>>> print(open('start11.cif').read())   # mmCIF, C-alpha atoms and all ligand atoms
data_start
loop_
_atom_site.label_atom_id
_atom_site.label_comp_id
_atom_site.auth_asym_id
_atom_site.auth_seq_id
_atom_site.Cartn_x
_atom_site.Cartn_y
_atom_site.Cartn_z
CA MET A 1 -28.27 7.66 -6.50
CA MET A 2 -25.37 5.23 -6.94
CA LYS A 3 -24.26 1.80 -5.79
CA ALA A 4 -21.58 1.60 -3.06
CA ALA A 5 -19.98 -0.75 -0.53
CA VAL A 6 -20.85 0.61 2.91
CA HIS A 7 -20.19 -0.25 6.55
CA TYR A 8 -22.00 1.51 9.39
CA GLN A 9 -19.87 -0.11 12.10
CA TYR A 10 -16.34 -1.45 12.51
CA GLY A 11 -15.87 -5.19 12.14
CA SER A 12 -15.01 -8.05 9.80
CA SER A 13 -15.92 -8.36 6.12
CA ASP A 14 -19.46 -9.29 7.30
CA VAL A 15 -20.29 -5.64 8.06
CA ILE A 16 -19.80 -4.65 4.40
CA LYS A 17 -23.12 -4.21 2.55
CA ILE A 18 -23.92 -3.09 -0.97
CA ARG A 19 -26.41 -0.20 -0.89
CA GLU A 20 -27.86 2.61 -3.00
CA VAL A 21 -26.56 5.91 -1.58
CA GLU A 22 -26.56 9.58 -2.62
CA LYS A 23 -24.31 10.31 -5.58
CA PRO A 24 -21.69 12.90 -4.47
CA VAL A 25 -21.67 16.43 -5.90
CA PRO A 26 -18.28 17.99 -6.66
CA GLY A 27 -17.22 21.23 -4.92
CA LYS A 28 -15.51 24.09 -6.76
CA ASP A 29 -12.03 22.50 -6.42
CA GLU A 30 -13.21 18.96 -7.03
CA VAL A 31 -13.81 16.56 -9.89
CA LEU A 32 -16.62 14.02 -10.06
CA VAL A 33 -15.13 10.66 -11.02
CA ARG A 34 -16.91 7.64 -12.48
CA VAL A 35 -14.91 4.97 -10.65
CA ARG A 36 -13.90 2.07 -12.89
CA SER A 37 -11.51 0.26 -10.60
CA ALA A 38 -10.20 0.32 -7.03
CA THR A 39 -8.27 -2.07 -4.83
CA VAL A 40 -9.23 -3.71 -1.58
CA ASN A 41 -6.01 -3.27 0.36
CA ARG A 42 -4.57 -3.47 3.86
CA THR A 43 -5.23 0.23 4.49
CA ASP A 44 -8.92 -0.45 3.73
CA CYS A 45 -8.75 -3.40 6.15
CA ALA A 46 -7.32 -1.20 8.92
CA MET A 47 -10.15 1.29 8.33
CA LEU A 48 -12.79 -1.47 8.30
CA THR A 49 -11.61 -3.16 11.49
CA ALA A 50 -10.29 0.00 13.22
CA LYS A 51 -7.15 -1.95 14.09
CA PRO A 52 -4.74 -0.91 15.44
CA PHE A 53 -7.03 0.97 17.86
CA PHE A 54 -5.38 4.36 17.29
CA MET A 55 -6.81 4.19 13.72
CA ARG A 56 -10.04 5.41 15.36
CA LEU A 57 -8.46 8.84 15.90
CA GLN A 58 -8.39 9.07 12.13
CA THR A 59 -11.50 7.10 11.16
CA GLY A 60 -13.99 7.88 13.97
CA LEU A 61 -13.85 6.92 17.67
CA ILE A 62 -17.11 4.93 17.98
CA LYS A 63 -18.15 4.29 14.38
CA PRO A 64 -16.72 4.99 10.92
CA GLY A 65 -16.84 8.63 9.85
CA LYS A 66 -16.83 7.54 6.21
CA ILE A 67 -19.33 4.78 5.59
CA ILE A 68 -18.16 3.96 2.04
CA SER A 69 -14.90 1.99 2.00
CA GLY A 70 -12.00 2.50 -0.42
CA THR A 71 -8.76 4.48 -0.44
CA ASP A 72 -7.66 4.39 -4.09
CA PHE A 73 -9.29 4.51 -7.49
CA ALA A 74 -8.88 4.74 -11.24
CA GLY A 75 -11.66 6.18 -13.35
CA GLY A 76 -12.88 8.85 -15.72
CA VAL A 77 -13.61 12.50 -14.90
CA GLU A 78 -17.30 13.10 -15.45
CA ALA A 79 -17.48 16.74 -14.36
CA ALA A 80 -15.11 19.35 -12.94
CA GLY A 81 -15.81 22.19 -10.43
CA GLU A 82 -15.36 25.77 -11.65
CA ASN A 83 -11.91 26.21 -9.99
CA VAL A 84 -10.43 22.97 -11.34
CA SER A 85 -7.62 23.67 -13.81
CA MET A 86 -5.69 20.38 -14.09
CA PHE A 87 -8.45 17.98 -15.17
CA LYS A 88 -11.44 18.05 -17.49
CA ALA A 89 -14.34 15.77 -18.33
CA GLY A 90 -13.12 12.66 -20.13
CA ASP A 91 -9.66 12.53 -18.49
CA ARG A 92 -8.58 9.14 -17.14
CA ILE A 93 -7.21 9.68 -13.63
CA PHE A 94 -6.04 7.68 -10.60
CA GLY A 95 -5.50 8.66 -7.00
CA PHE A 96 -5.05 7.69 -3.37
CA ASP A 97 -5.87 8.95 0.10
CA ASP A 98 -5.15 6.79 3.14
CA ASN A 99 -7.68 8.83 5.12
CA GLY A 100 -10.39 7.29 2.92
CA LEU A 101 -11.70 8.21 -0.50
CA SER A 102 -15.02 6.30 -0.48
CA SER A 103 -13.87 4.75 -3.74
CA HIS A 104 -15.73 1.43 -3.45
CA ALA A 105 -18.61 3.11 -5.23
CA GLU A 106 -19.73 4.08 -8.70
CA TYR A 107 -18.78 7.71 -8.14
CA LEU A 108 -16.50 9.76 -5.90
CA THR A 109 -15.37 13.36 -5.66
CA ILE A 110 -11.76 14.40 -5.10
CA SER A 111 -9.99 17.74 -4.91
CA GLU A 112 -7.45 18.34 -7.64
CA LYS A 113 -5.06 19.30 -4.79
CA ASN A 114 -5.20 15.73 -3.45
CA ALA A 115 -2.90 12.88 -4.59
CA VAL A 116 -4.38 12.45 -8.06
CA ALA A 117 -2.88 12.36 -11.56
CA LYS A 118 -3.67 11.37 -15.12
CA ILE A 119 -3.20 7.68 -15.93
CA PRO A 120 -0.23 7.38 -18.27
CA GLY A 121 -0.44 5.83 -21.72
CA GLU A 122 -2.52 2.77 -22.32
CA PHE A 123 -2.59 1.44 -18.77
CA SER A 124 -5.95 -0.07 -17.91
CA PHE A 125 -8.03 1.24 -15.00
CA GLU A 126 -7.29 -2.00 -13.14
CA GLU A 127 -3.53 -1.67 -13.59
CA ALA A 128 -3.64 2.00 -12.59
CA ALA A 129 -5.64 1.31 -9.41
CA ALA A 130 -3.30 -1.54 -8.46
CA SER A 131 -0.24 0.69 -8.85
CA ILE A 132 -0.75 3.04 -5.94
CA GLU A 133 -1.29 1.85 -2.36
CA GLY A 134 1.49 -0.72 -2.01
CA ALA A 135 3.91 1.32 -4.11
CA HIS A 136 3.21 4.44 -2.02
CA TYR A 137 4.29 2.66 1.17
CA ALA A 138 7.22 0.99 -0.59
CA TYR A 139 8.45 4.35 -1.92
CA ASN A 140 8.25 5.73 1.61
CA PHE A 141 10.52 2.93 2.88
CA LEU A 142 13.11 3.84 0.28
CA ASN A 143 12.81 7.56 0.99
CA LYS A 144 13.97 6.99 4.55
CA VAL A 145 17.39 5.62 3.59
CA ASP A 146 20.38 6.73 1.56
CA LEU A 147 20.31 3.83 -0.89
CA LYS A 148 23.26 3.41 -3.26
CA SER A 149 23.51 1.15 -6.27
CA GLY A 150 24.91 -2.28 -5.38
CA GLN A 151 23.91 -2.16 -1.72
CA LYS A 152 22.38 -5.31 -0.28
CA VAL A 153 18.73 -5.20 0.77
CA LEU A 154 16.53 -7.94 2.21
CA VAL A 155 12.78 -7.62 1.57
CA ASN A 156 10.60 -9.77 3.81
CA GLY A 157 7.13 -10.37 2.34
CA ALA A 158 8.22 -9.68 -1.24
CA SER A 159 4.99 -11.17 -2.65
CA GLY A 160 2.66 -8.65 -0.94
CA ALA A 161 1.47 -5.30 -2.27
CA ILE A 162 4.22 -3.33 -0.54
CA GLY A 163 6.85 -6.04 -1.02
CA SER A 164 6.27 -6.57 -4.75
CA ALA A 165 6.47 -2.81 -5.28
CA ALA A 166 9.52 -2.39 -3.00
CA LEU A 167 11.33 -5.10 -4.92
CA GLN A 168 10.81 -3.32 -8.23
CA LEU A 169 11.74 0.10 -6.83
CA LEU A 170 14.91 -1.33 -5.27
CA LYS A 171 15.95 -2.79 -8.61
CA TYR A 172 15.25 0.61 -10.18
CA TYR A 173 17.79 2.08 -7.71
CA GLY A 174 20.28 -0.71 -8.51
CA ALA A 175 20.15 -2.60 -5.21
CA ASP A 176 21.11 -6.25 -4.79
CA VAL A 177 17.87 -7.73 -3.44
CA THR A 178 17.20 -10.86 -1.42
CA ALA A 179 13.46 -11.55 -1.41
CA VAL A 180 11.74 -13.58 1.32
CA CYS A 181 8.45 -15.24 0.34
CA ASP A 182 6.63 -18.55 0.18
CA GLY A 183 8.22 -21.03 -2.25
CA LYS A 184 5.14 -20.82 -4.52
CA ASN A 185 5.99 -17.17 -5.25
CA THR A 186 9.66 -17.73 -6.14
CA GLY A 187 9.00 -17.38 -9.89
CA LEU A 188 7.07 -14.17 -9.35
CA VAL A 189 9.72 -12.43 -7.25
CA ILE A 190 12.49 -13.48 -9.65
CA SER A 191 10.44 -12.04 -12.52
CA LEU A 192 10.26 -8.78 -10.53
CA GLY A 193 14.05 -8.69 -10.25
CA ALA A 194 15.02 -10.53 -7.03
CA ASP A 195 18.69 -11.57 -7.06
CA LYS A 196 18.18 -14.24 -4.41
CA VAL A 197 15.09 -15.82 -2.86
CA ILE A 198 14.57 -17.27 0.61
CA ASP A 199 11.52 -19.51 1.12
CA TYR A 200 10.23 -18.58 4.56
CA GLU A 201 8.61 -22.01 4.95
CA LYS A 202 12.03 -23.67 4.69
CA GLU A 203 14.49 -21.14 6.08
CA ASN A 204 14.43 -18.48 8.78
CA PHE A 205 15.95 -15.46 7.03
CA THR A 206 17.20 -14.01 10.32
CA HIS A 207 19.57 -17.00 10.61
CA THR A 208 21.36 -16.39 7.30
CA ASP A 209 25.10 -15.68 7.39
CA GLU A 210 24.75 -12.83 4.88
CA LYS A 211 24.81 -9.22 6.04
CA PHE A 212 22.58 -6.48 4.60
CA ASP A 213 22.71 -2.71 4.40
CA PHE A 214 18.94 -2.60 4.81
CA VAL A 215 16.23 -4.98 5.98
CA PHE A 216 12.75 -3.99 4.83
CA ASP A 217 10.10 -6.07 6.54
CA THR A 218 7.13 -5.14 4.38
CA VAL A 219 4.78 -7.53 6.21
CA GLY A 220 5.93 -6.66 9.73
CA LYS A 221 6.54 -10.26 10.76
CA SER A 222 10.01 -9.79 12.28
CA THR A 223 11.58 -7.53 14.88
CA PHE A 224 14.67 -5.35 14.95
CA GLY A 225 16.03 -7.57 17.73
CA LYS A 226 15.89 -10.64 15.47
CA CYS A 227 17.20 -8.85 12.38
CA LYS A 228 20.06 -7.01 14.07
CA ARG A 229 22.54 -9.82 13.46
CA ILE A 230 21.97 -9.78 9.68
CA LEU A 231 22.46 -6.00 9.44
CA LYS A 232 25.87 -4.58 8.55
CA SER A 233 27.34 -1.93 10.82
CA GLY A 234 25.43 1.26 9.92
CA GLY A 235 22.56 -0.87 8.56
CA VAL A 236 18.91 0.16 8.82
CA TYR A 237 15.79 -1.86 9.70
CA ILE A 238 12.33 -0.69 8.58
CA SER A 239 9.04 -2.48 9.24
CA SER A 240 5.54 -1.78 7.93
CA GLU A 241 4.11 -2.52 11.38
CA LEU A 242 4.52 -0.91 14.79
CA GLY A 243 5.99 -4.17 16.11
CA PRO A 244 5.39 -5.83 19.50
CA TYR A 245 4.34 -3.22 22.13
CA ALA A 246 4.56 -0.57 19.36
CA GLN A 247 8.33 -0.80 19.72
CA ASN A 248 9.37 0.43 16.26
CA PRO A 249 8.65 4.17 16.74
CA PHE A 250 10.49 4.04 20.11
CA LEU A 251 13.40 2.09 18.63
CA THR A 252 13.63 4.75 15.93
CA LEU A 253 14.31 7.38 18.62
CA PHE A 254 16.53 5.08 20.72
CA THR A 255 18.77 3.88 17.88
CA LYS A 256 19.14 7.42 16.59
CA VAL A 257 21.34 8.01 19.65
CA PHE A 258 22.57 4.53 20.64
CA GLY A 259 24.20 1.75 18.61
CA ASN A 260 25.42 1.57 15.04
CA LYS A 261 22.36 -0.24 13.61
CA LYS A 262 19.29 1.90 13.18
CA VAL A 263 15.51 1.53 13.06
CA LYS A 264 13.46 3.92 10.98
CA PHE A 265 9.71 4.25 11.03
CA PRO A 266 8.22 5.69 7.84
CA LEU A 267 5.45 8.27 8.14
CA PRO A 268 4.20 8.33 4.55
CA LEU A 269 2.53 11.72 4.49
CA ASN A 270 3.31 13.01 1.00
CA ARG A 271 0.87 11.03 -1.15
CA LEU A 272 1.01 13.30 -4.19
CA ARG A 273 4.78 12.87 -4.45
CA SER A 274 4.24 9.08 -4.45
CA VAL A 275 1.52 9.18 -7.11
CA LEU A 276 3.64 11.36 -9.40
CA PHE A 277 6.68 9.12 -8.87
CA ILE A 278 4.65 5.97 -9.62
CA ARG A 279 3.15 7.64 -12.68
CA LYS A 280 6.66 8.35 -14.01
CA LEU A 281 7.81 4.77 -13.40
CA LEU A 282 4.71 3.40 -15.17
CA GLU A 283 5.31 5.77 -18.06
CA ASP A 284 8.95 4.65 -18.35
CA GLY A 285 8.03 0.96 -18.16
CA LEU A 286 9.97 0.52 -14.90
CA PHE A 287 7.12 -0.67 -12.71
CA ARG A 288 4.18 -3.00 -13.15
CA PRO A 289 1.67 -3.80 -10.45
CA VAL A 290 1.10 -7.41 -9.45
CA ILE A 291 -2.59 -8.28 -9.59
CA ASP A 292 -3.91 -11.28 -7.70
CA ARG A 293 -7.72 -11.65 -7.76
CA LYS A 294 -10.42 -9.48 -9.29
CA TYR A 295 -13.90 -8.94 -7.84
CA ASP A 296 -17.00 -6.96 -8.84
CA LEU A 297 -18.28 -4.15 -6.63
CA ASP A 298 -21.13 -6.46 -5.54
CA GLU A 299 -18.47 -8.83 -4.14
CA THR A 300 -16.62 -6.23 -2.03
CA GLY A 301 -17.32 -8.19 1.18
CA GLU A 302 -15.78 -11.30 -0.41
CA ALA A 303 -12.76 -9.28 -1.49
CA PHE A 304 -12.26 -7.98 2.08
CA ARG A 305 -12.58 -11.53 3.43
CA TYR A 306 -9.72 -12.61 1.18
CA VAL A 307 -7.48 -9.60 1.82
CA LEU A 308 -7.97 -9.79 5.60
CA LYS A 309 -6.31 -13.23 5.53
CA GLY A 310 -2.98 -11.46 4.86
CA GLN A 311 -2.09 -13.82 2.05
CA LYS A 312 -2.84 -11.99 -1.15
CA THR A 313 -0.20 -11.81 -3.82
CA GLY A 314 0.29 -8.17 -4.78
CA ASN A 315 -3.05 -6.43 -5.19
CA VAL A 316 -6.74 -7.33 -5.18
CA VAL A 317 -8.77 -5.33 -7.65
CA LEU A 318 -12.46 -4.32 -7.68
CA SER A 319 -14.15 -3.62 -10.98
CA VAL A 320 -16.87 -1.03 -10.62
N1 LIG B 1 -2.23 0.27 9.16
C1 LIG B 1 -2.27 0.60 7.89
O1 LIG B 1 -2.90 1.56 7.48
C2 LIG B 1 -1.50 -0.23 6.90
C3 LIG B 1 -1.57 0.11 5.57
C4 LIG B 1 -0.91 -0.64 4.64
C5 LIG B 1 -0.17 -1.72 5.06
N2 LIG B 1 -0.07 -2.01 6.38
C6 LIG B 1 0.68 -3.19 6.81
O2 LIG B 1 1.72 -3.49 5.93
C7 LIG B 1 1.83 -4.88 5.79
C8 LIG B 1 1.94 -5.26 4.33
O3 LIG B 1 0.88 -4.81 3.57
P1 LIG B 1 0.66 -5.47 2.16
O4 LIG B 1 -0.55 -4.87 1.55
O5 LIG B 1 1.92 -5.48 1.40
O6 LIG B 1 0.33 -6.94 2.64
P2 LIG B 1 -0.29 -8.14 1.82
O7 LIG B 1 -0.26 -7.85 0.37
O8 LIG B 1 -1.57 -8.51 2.45
O9 LIG B 1 0.80 -9.25 2.16
C9 LIG B 1 0.51 -10.55 1.92
C10 LIG B 1 1.76 -11.27 1.45
O10 LIG B 1 2.64 -11.44 2.56
C11 LIG B 1 3.14 -12.75 2.52
N3 LIG B 1 3.44 -13.24 3.86
C12 LIG B 1 2.54 -13.61 4.80
N4 LIG B 1 3.21 -14.04 5.90
C13 LIG B 1 4.52 -13.96 5.62
C14 LIG B 1 5.71 -14.25 6.34
N5 LIG B 1 5.67 -14.73 7.59
N6 LIG B 1 6.88 -14.04 5.76
C15 LIG B 1 6.96 -13.56 4.50
N7 LIG B 1 5.87 -13.25 3.75
C16 LIG B 1 4.67 -13.46 4.31
C17 LIG B 1 2.04 -13.56 1.91
O11 LIG B 1 2.61 -14.67 1.33
P3 LIG B 1 1.97 -16.14 1.55
O12 LIG B 1 1.06 -16.35 0.41
O13 LIG B 1 3.12 -17.03 1.53
O14 LIG B 1 1.26 -16.14 2.88
C18 LIG B 1 1.40 -12.61 0.91
O15 LIG B 1 1.93 -12.72 -0.38
C19 LIG B 1 0.65 -5.49 6.51
O16 LIG B 1 1.15 -6.02 7.71
C20 LIG B 1 -0.27 -4.35 6.75
O17 LIG B 1 -0.98 -4.49 7.96
C21 LIG B 1 -0.72 -1.30 7.30
#
>>> encode(input="start11.cif", output="structure tokens", more="lines below")
Ligand SMILES: NC(=O)c1ccc[n+]([C@@H]2O[C@H](COP(=O)([O-])OP(=O)(O)OC[C@H]3O[C@@H](n4cnc5c(N)ncnc54)[C@H](OP(=O)(O)O)[C@@H]3O)[C@@H](O)[C@H]2O)c1
Amino acid sequence: MMKAAVHYQYGSSDVIKIREVEKPVPGKDEVLVRVRSATVNRTDCAMLTAKPFFMRLQTGLIKPGKIISGTDFAGGVEAAGENVSMFKAGDRIFGFDDNGLSSHAEYLTISEKNAVAKIPGEFSFEEAAASIEGAHYAYNFLNKVDLKSGQKVLVNGASGAIGSAALQLLKYYGADVTAVCDGKNTGLVISLGADKVIDYEKENFTHTDEKFDFVFDTVGKSTFGKCKRILKSGGVYISSELGPYAQNPFLTLFTKVFGNKKVKFPLPLNRLRSVLFIRKLLEDGLFRPVIDRKYDLDETGEAFRYVLKGQKTGNVVLSV
């Protein structure tokens, strides 16, 4: 048996309970991992609350298909199935699956064909776990555009998990970045490389006179309609949310044909590519995850309560 954070129904953080459940047994292509760290992130929140509603197509129509929460992890391989060739007992690995990995638990199993890799160098389990989810989505923003060094990019929500990763990746590609965040996070975003900061409490970024090649709204608080005027001709708008009336996927199709300012909607399907890319950046010292609060597995409900507020700074880590 093992300890895990479980939820038998969709709902708020109140439905999360800590229970003893069956310890998983690895299949032939799988490794058994002793989880040491995981994050409580916005993907976990979407799976807990089943919001937006279409999430239920993925997570279970009436009730959750996977009762243990968690989509990412860092930990040690305890045992490997007979067909596993890439990992062995004792390896330190980290991984991600936005369909759910049941990682808020002492143990999990994962196929070596999934998005999983060895943790580089001396990175701690906490740092490794905090490096994946936000950076995966951020990388999939950047993949959608033809970004050239020196181009101007505005990142709204630069203090969040996706935003703080996007900011660092954009600097890696040589972009000139304007970061939008709360004034209290100005120091943080400058330390991550922001060239200019807009405090969203004091200034509406959509009213600025500057023009950008790309606007990345990593917290989905704006719309294409409002951001159009700050985009250069040929500029691209990407949001992490569907937008009002799920407009962003439709605008992606519409602006492909009409107008000279485009909307793109990222479908981040290639998780392994993201994990390997992040691993390389960590190895080369070009990326560091921002960690906000840390909780114990027993406090998973508390951690969800905090993350669901939508005001974390970077990543919230669970120690298992
Ligand atoms: N459906 C899914 O599976 C899924 C998965 C991942 C992400 N997402 C979406 O992607 C978005 C970002 O995810 P995330 O993990 O990066 O979020 P996050 O870490 O929870 O973002 C929180 C950060 O956003 C900032 N923020 C809040 N309101 C803001 C505003 N009006 N303008 C600028 N910044 C603001 C907060 O700063 P303050 O402290 O100033 O409030 C905080 O630092 C979320 O909307 C999430 O729903 C969806």
>>> residues_around(input="start11.cif", residues="Ile16 (chain A)", least_positions_apart="5", cutoff="7 Å", atoms="all atoms listed in the file", output="PyMOL selection string")
chain A and resi 5-7+301
>>> residues_near_ligand(input="start11.cif", ligand="ligand LIG 1 (chain B)", cutoff="8 Å", atoms="only C-alpha atoms and all ligand atoms", output="ChimeraX atom specification")
/A:41-47,51-52,55,98,133-134,137,156-164,180-185,200,218-221,240-241,307-315
>>> closest_residue(input="start11.cif", among="A:Ile110, A:Ala130, A:Leu147, A:Leu276", to="Gly81 (chain A)", atoms="all atoms listed in the file")
A:Ile110
>>> residues_near_point(input="start11.cif", point="(12.2, 8.0, 0.8)", cutoff="12 Å", atoms="only C-alpha atoms", output="list in words")
Ala135, His136, Tyr137, Ala138, Tyr139, Asn140, Phe141, Leu142, Asn143, Lys144, Val145, Asp146, Leu147, Ala166, Leu169, Leu170, Tyr173, Ile238, Lys264, Phe265, Pro266, Leu267, Pro268, Leu269, Asn270, Arg271, Arg273, Ser274 and Phe277 of chain A
>>> atom_distance(input="start11.cif", atom1="CA of Gly187 (chain A)", atom2="CA of Val290 (chain A)")
12.7 Å
>>> atom_distance(input="start11.cif", atom1="CA of Pro289 (chain A)", atom2="CA of Gly193 (chain A)")
13.3 Å
>>> residues_around(input="start11.cif", residues="Ala129 (chain A)", least_positions_apart="4", cutoff="8 Å", atoms="all atoms listed in the file", output="list in words")
Ser37, Ala38, Thr39, Asp72, Phe73, Ala74, Phe94, Gly95, Phe125 and Val317 of chain A
>>> atom_distance(input="start11.cif", atom1="CA of Val155 (chain A)", atom2="CA of Thr208 (chain A)")
13.5 Å
>>> residues_around(input="start11.cif", residues="Leu61 (chain A)", least_positions_apart="5", cutoff="12 Å", atoms="only C-alpha atoms", output="list in words")
Gln9, Tyr10, Met47, Ala50, Lys51, Phe53, Phe54, Met55, Arg56 and Lys66 of chain A
>>> residues_around(input="start11.cif", residues="Lys294 (chain A)", least_positions_apart="2", cutoff="8 Å", atoms="only C-alpha atoms", output="VMD selection string")
chain A and resid 291 to 292 296 316 to 319
>>> closest_residue(input="start11.cif", among="A:Leu282, A:Ala194, A:Val320, A:Val189", to="Ile119 (chain A)", atoms="all atoms listed in the file")
A:Leu282
>>> closest_residue(input="start11.cif", among="A:Lys211, A:Gly121, A:Ala179, A:Gly243", to="Thr223 (chain A)", atoms="all atoms listed in the file")
A:Gly243
>>> residues_around(input="start11.cif", residues="region 229-235 of chain A", least_positions_apart="2", cutoff="8 Å", atoms="only C-alpha atoms", output="tab-separated table (two decimals) with C-alpha atoms, in the frame of the given file")
chain	number	residue	atom	x	y	z
A	206	THR	CA	17.20	-14.01	10.32
A	207	HIS	CA	19.57	-17.00	10.61
A	208	THR	CA	21.36	-16.39	7.30
A	209	ASP	CA	25.10	-15.68	7.39
A	210	GLU	CA	24.75	-12.83	4.88
A	211	LYS	CA	24.81	-9.22	6.04
A	212	PHE	CA	22.58	-6.48	4.60
A	213	ASP	CA	22.71	-2.71	4.40
A	214	PHE	CA	18.94	-2.60	4.81
A	215	VAL	CA	16.23	-4.98	5.98
A	226	LYS	CA	15.89	-10.64	15.47
A	227	CYS	CA	17.20	-8.85	12.38
A	237	TYR	CA	15.79	-1.86	9.70
A	260	ASN	CA	25.42	1.57	15.04
A	261	LYS	CA	22.36	-0.24	13.61
A	262	LYS	CA	19.29	1.90	13.18
>>> residues_near_point(input="start11.cif", point="(-10.2, 8.2, -11.0)", cutoff="8 Å", atoms="all atoms listed in the file", output="VMD selection string")
chain A and resid 33 to 36 73 to 77 92 to 95 116
>>> write_last_selection(input="start11.cif", atoms="C-alpha atoms", output="JSON list (two decimals), keeping the file's coordinate frame")
[["chain", "number", "residue", "atom", "x", "y", "z"],
["A", 33, "VAL", "CA", -15.13, 10.66, -11.02],
["A", 34, "ARG", "CA", -16.91, 7.64, -12.48],
["A", 35, "VAL", "CA", -14.91, 4.97, -10.65],
["A", 36, "ARG", "CA", -13.90, 2.07, -12.89],
["A", 73, "PHE", "CA", -9.29, 4.51, -7.49],
["A", 74, "ALA", "CA", -8.88, 4.74, -11.24],
["A", 75, "GLY", "CA", -11.66, 6.18, -13.35],
["A", 76, "GLY", "CA", -12.88, 8.85, -15.72],
["A", 77, "VAL", "CA", -13.61, 12.50, -14.90],
["A", 92, "ARG", "CA", -8.58, 9.14, -17.14],
["A", 93, "ILE", "CA", -7.21, 9.68, -13.63],
["A", 94, "PHE", "CA", -6.04, 7.68, -10.60],
["A", 95, "GLY", "CA", -5.50, 8.66, -7.00],
["A", 116, "VAL", "CA", -4.38, 12.45, -8.06]]
>>> decode(input="start11.cif", residues="region 59-71 of chain A", atoms="N, CA, C and O atoms", output="mmCIF file, in the first residue's frame")
data_model
loop_
_atom_site.group_PDB
_atom_site.id
_atom_site.type_symbol
_atom_site.label_atom_id
_atom_site.label_comp_id
_atom_site.auth_asym_id
_atom_site.auth_seq_id
_atom_site.Cartn_x
_atom_site.Cartn_y
_atom_site.Cartn_z
ATOM 1 N N THR A 59 -10.986 13.394 -18.984
ATOM 2 C CA THR A 59 -10.770 12.936 -17.609
ATOM 3 C C THR A 59 -11.871 12.020 -17.065
ATOM 4 O O THR A 59 -11.718 11.450 -15.992
ATOM 5 N N GLY A 60 -12.987 11.896 -17.808
ATOM 6 C CA GLY A 60 -14.121 11.087 -17.338
ATOM 7 C C GLY A 60 -15.374 11.946 -17.306
ATOM 8 O O GLY A 60 -15.356 12.994 -16.657
ATOM 9 N N LEU A 61 -16.454 11.496 -17.957
ATOM 10 C CA LEU A 61 -17.646 12.325 -18.145
ATOM 11 C C LEU A 61 -18.350 12.663 -16.830
ATOM 12 O O LEU A 61 -18.678 13.815 -16.558
ATOM 13 N N ILE A 62 -18.561 11.648 -15.968
ATOM 14 C CA ILE A 62 -19.329 11.849 -14.739
ATOM 15 C C ILE A 62 -18.413 12.037 -13.530
ATOM 16 O O ILE A 62 -18.643 12.878 -12.678
ATOM 17 N N LYS A 63 -17.369 11.203 -13.475
ATOM 18 C CA LYS A 63 -16.433 11.290 -12.343
ATOM 19 C C LYS A 63 -15.009 11.021 -12.855
ATOM 20 O O LYS A 63 -14.841 10.502 -13.965
ATOM 21 N N PRO A 64 -14.020 11.388 -12.062
ATOM 22 C CA PRO A 64 -12.634 11.260 -12.561
ATOM 23 C C PRO A 64 -12.249 9.808 -12.861
ATOM 24 O O PRO A 64 -12.492 8.913 -12.035
ATOM 25 N N GLY A 65 -11.651 9.595 -14.007
ATOM 26 C CA GLY A 65 -11.157 8.259 -14.357
ATOM 27 C C GLY A 65 -9.942 7.905 -13.508
ATOM 28 O O GLY A 65 -9.758 6.767 -13.097
ATOM 29 N N LYS A 66 -9.108 8.918 -13.261
ATOM 30 C CA LYS A 66 -7.931 8.702 -12.409
ATOM 31 C C LYS A 66 -8.210 9.368 -11.073
ATOM 32 O O LYS A 66 -8.399 10.589 -11.027
ATOM 33 N N ILE A 67 -8.217 8.591 -10.011
ATOM 34 C CA ILE A 67 -8.598 9.184 -8.725
ATOM 35 C C ILE A 67 -7.420 9.875 -8.030
ATOM 36 O O ILE A 67 -7.609 10.737 -7.198
ATOM 37 N N ILE A 68 -6.196 9.481 -8.393
ATOM 38 C CA ILE A 68 -5.027 10.149 -7.779
ATOM 39 C C ILE A 68 -4.655 11.340 -8.657
ATOM 40 O O ILE A 68 -4.525 11.203 -9.879
ATOM 41 N N SER A 69 -4.502 12.515 -8.052
ATOM 42 C CA SER A 69 -4.150 13.712 -8.825
ATOM 43 C C SER A 69 -2.655 13.724 -9.163
ATOM 44 O O SER A 69 -1.886 12.907 -8.659
ATOM 45 N N GLY A 70 -2.266 14.697 -10.001
ATOM 46 C CA GLY A 70 -0.848 14.873 -10.315
ATOM 47 C C GLY A 70 -0.510 14.585 -11.761
ATOM 48 O O GLY A 70 -0.905 13.552 -12.301
ATOM 49 N N THR A 71 0.213 15.527 -12.380
ATOM 50 C CA THR A 71 0.565 15.379 -13.798
ATOM 51 C C THR A 71 2.077 15.395 -14.044
ATOM 52 O O THR A 71 2.520 15.145 -15.169
#
